[in-house]
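S.K.: Please read through the structure below; I'll follow up with questions.
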Amino acid sequence: NVTVFLLDEAVYLAREGATENIKAATGDSADDSLAHLQATGVPILVCTPCAASRFIEEKDLAEGCRLATAGELIDVACDAATISL
């Protein structure tokens, strides 16, 4: 099981259309990665205060992304076998 929790500046990636023109040095596309996560049903949680401070609202988020609280992050972390930052 995988859950993605976006914090700080990463919350911008959850905005609809934000990943369309982002590519890694390897050529990998952020849009392809997001599409894969969406297609496989991976929850993409977005830190509510991080989003609010950047004027990002729930209506701005891409499909499969939703605002989440620190409590949810703690629950995900406590249940995780592996955590990658």
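Following the order of the structure tokens, first chain is A, next is B, and so on, with residues numbered from 1 inside each chain and ligands from 1 in the order they appear.
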From a backbone DSSP assignment, name each residue in chain A labelled strand (DSSP E), as a ChimeraX atom specification.

M.R.: /A:4-6,44-47,65-68

S.K.: Please identify which residues in chain A DSSP calls helix (DSSP H, G or I) from the backbone, and express them as a compact mmCIF listing (two decimals) with N, CA, C and O atoms, in the first residue's frame.

M.R.:
```txt
# COMPACT_ATOMS: atom_id res chain seq x y z
N ASP A 8 4.62 21.41 2.21
CA ASP A 8 5.35 22.62 1.82
C ASP A 8 5.15 22.92 0.33
O ASP A 8 4.04 22.91 -0.14
N GLU A 9 6.23 23.18 -0.41
CA GLU A 9 6.11 23.57 -1.81
C GLU A 9 5.56 22.45 -2.69
O GLU A 9 5.04 22.71 -3.79
N ALA A 10 5.64 21.22 -2.23
CA ALA A 10 5.13 20.09 -3.02
C ALA A 10 3.63 20.16 -3.24
O ALA A 10 3.11 19.54 -4.18
N VAL A 11 2.92 20.93 -2.42
CA VAL A 11 1.47 21.02 -2.60
C VAL A 11 1.11 21.62 -3.96
O VAL A 11 0.03 21.34 -4.49
N TYR A 12 2.00 22.40 -4.55
CA TYR A 12 1.73 22.95 -5.87
C TYR A 12 1.55 21.85 -6.91
O TYR A 12 0.83 22.02 -7.90
N LEU A 13 2.19 20.71 -6.71
CA LEU A 13 2.08 19.60 -7.66
C LEU A 13 0.68 19.01 -7.71
O LEU A 13 0.31 18.35 -8.69
N ALA A 14 -0.11 19.22 -6.68
CA ALA A 14 -1.46 18.68 -6.63
C ALA A 14 -2.47 19.53 -7.39
O ALA A 14 -3.59 19.09 -7.62
N ALA A 30 6.46 14.29 -14.79
CA ALA A 30 5.66 14.32 -13.57
C ALA A 30 4.20 14.03 -13.90
O ALA A 30 3.49 13.41 -13.10
N ASP A 31 3.76 14.44 -15.07
CA ASP A 31 2.38 14.20 -15.49
C ASP A 31 2.12 12.70 -15.64
O ASP A 31 1.07 12.21 -15.22
N ASP A 32 3.07 11.97 -16.21
CA ASP A 32 2.94 10.51 -16.33
C ASP A 32 2.90 9.85 -14.96
O ASP A 32 2.12 8.93 -14.73
N SER A 33 3.74 10.34 -14.05
CA SER A 33 3.78 9.77 -12.70
C SER A 33 2.46 10.02 -11.97
O SER A 33 1.92 9.11 -11.33
N LEU A 34 1.95 11.23 -12.08
CA LEU A 34 0.66 11.55 -11.45
C LEU A 34 -0.45 10.69 -12.05
O LEU A 34 -1.27 10.14 -11.32
N ALA A 35 -0.46 10.54 -13.36
CA ALA A 35 -1.47 9.73 -14.03
C ALA A 35 -1.42 8.28 -13.55
O ALA A 35 -2.45 7.64 -13.34
N HIS A 36 -0.22 7.77 -13.35
CA HIS A 36 -0.06 6.40 -12.84
C HIS A 36 -0.62 6.28 -11.43
O HIS A 36 -1.34 5.32 -11.11
N LEU A 37 -0.30 7.23 -10.58
CA LEU A 37 -0.83 7.22 -9.21
C LEU A 37 -2.35 7.28 -9.22
O LEU A 37 -3.02 6.55 -8.48
N GLN A 38 -2.91 8.13 -10.05
CA GLN A 38 -4.36 8.27 -10.15
C GLN A 38 -4.99 6.97 -10.66
O GLN A 38 -5.99 6.51 -10.11
N ALA A 39 -4.40 6.37 -11.69
CA ALA A 39 -4.96 5.16 -12.30
C ALA A 39 -4.93 3.97 -11.34
O ALA A 39 -5.81 3.10 -11.40
N THR A 48 -3.24 20.50 4.48
CA THR A 48 -4.22 21.59 4.46
C THR A 48 -3.60 22.95 4.78
O THR A 48 -3.80 23.90 4.02
N PRO A 49 -2.82 23.10 5.87
CA PRO A 49 -2.26 24.43 6.13
C PRO A 49 -1.23 24.86 5.08
O PRO A 49 -1.13 26.03 4.75
N CYS A 50 -0.48 23.90 4.54
CA CYS A 50 0.50 24.22 3.49
C CYS A 50 -0.23 24.75 2.26
O CYS A 50 0.20 25.72 1.63
N ALA A 51 -1.34 24.09 1.89
CA ALA A 51 -2.13 24.52 0.74
C ALA A 51 -2.78 25.87 1.00
O ALA A 51 -2.75 26.77 0.14
N ALA A 52 -3.36 26.04 2.17
CA ALA A 52 -4.04 27.30 2.50
C ALA A 52 -3.09 28.49 2.44
O ALA A 52 -3.45 29.56 1.95
N GLU A 58 -9.47 23.04 -2.14
CA GLU A 58 -9.85 21.70 -2.58
C GLU A 58 -10.28 21.70 -4.05
O GLU A 58 -9.92 20.80 -4.81
N LYS A 59 -11.00 22.73 -4.48
CA LYS A 59 -11.49 22.79 -5.86
C LYS A 59 -10.36 22.93 -6.88
O LYS A 59 -10.56 22.67 -8.06
N ASP A 60 -9.17 23.32 -6.43
CA ASP A 60 -8.02 23.49 -7.32
C ASP A 60 -7.26 22.19 -7.57
O ASP A 60 -6.39 22.15 -8.44
N ALA A 70 -2.69 17.03 9.70
CA ALA A 70 -1.51 16.44 10.31
C ALA A 70 -1.86 15.13 11.01
O ALA A 70 -1.06 14.19 11.02
N GLY A 71 -3.06 15.06 11.55
CA GLY A 71 -3.50 13.81 12.19
C GLY A 71 -3.51 12.65 11.21
O GLY A 71 -3.13 11.53 11.55
N GLU A 72 -3.95 12.92 9.98
CA GLU A 72 -3.94 11.86 8.96
C GLU A 72 -2.51 11.47 8.60
O GLU A 72 -2.23 10.29 8.38
N LEU A 73 -1.61 12.45 8.53
CA LEU A 73 -0.20 12.14 8.26
C LEU A 73 0.37 11.25 9.36
O LEU A 73 1.06 10.27 9.08
N ILE A 74 0.05 11.57 10.59
CA ILE A 74 0.53 10.75 11.72
C ILE A 74 -0.03 9.34 11.61
O ILE A 74 0.71 8.36 11.80
N ASP A 75 -1.31 9.20 11.30
CA ASP A 75 -1.91 7.87 11.15
C ASP A 75 -1.22 7.08 10.04
O ASP A 75 -0.89 5.90 10.21
N VAL A 76 -1.00 7.73 8.89
CA VAL A 76 -0.33 7.07 7.76
C VAL A 76 1.08 6.64 8.17
O VAL A 76 1.51 5.52 7.91
N ALA A 77 1.81 7.53 8.83
CA ALA A 77 3.18 7.24 9.25
C ALA A 77 3.23 6.11 10.26
O ALA A 77 4.10 5.24 10.19
N CYS A 78 2.30 6.11 11.19
CA CYS A 78 2.29 5.06 12.23
C CYS A 78 1.97 3.68 11.64
O CYS A 78 2.44 2.67 12.14
N ASP A 79 1.18 3.65 10.58
CA ASP A 79 0.80 2.40 9.95
C ASP A 79 1.80 1.93 8.90
O ASP A 79 1.68 0.81 8.38
```

S.K.: Rank nothing, just name the residue among A:Val2, A:Ala62, A:Ala68, A:Ala80 nearest to Glu20 (chain A), using only C-alpha atoms.

M.R.: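 Ranking A:Val2, A:Ala62, A:Ala68, A:Ala80 by distance to Glu20 (chain A), first place goes to A:Ala62.
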
S.K.: Between A:Asp28, A:Leu61, A:Phe55, A:Thr3, which is the closest to Gly41 (chain A) once you count only C-alpha atoms?

M.R.: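 Closest residue, counting only C-alpha atoms: A:Thr3.
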
S.K.: Report, in Å with one decimal, the straight-line distance from CA of Leu67 (chain A) to CA of Ser53 (chain A).

M.R.: 12.8 Å

S.K.: Quick one: pull the distance between CA of Ala81 (chain A) and CA of Asn1 (chain A), Å, one decimal.

M.R.: 9.5 Å
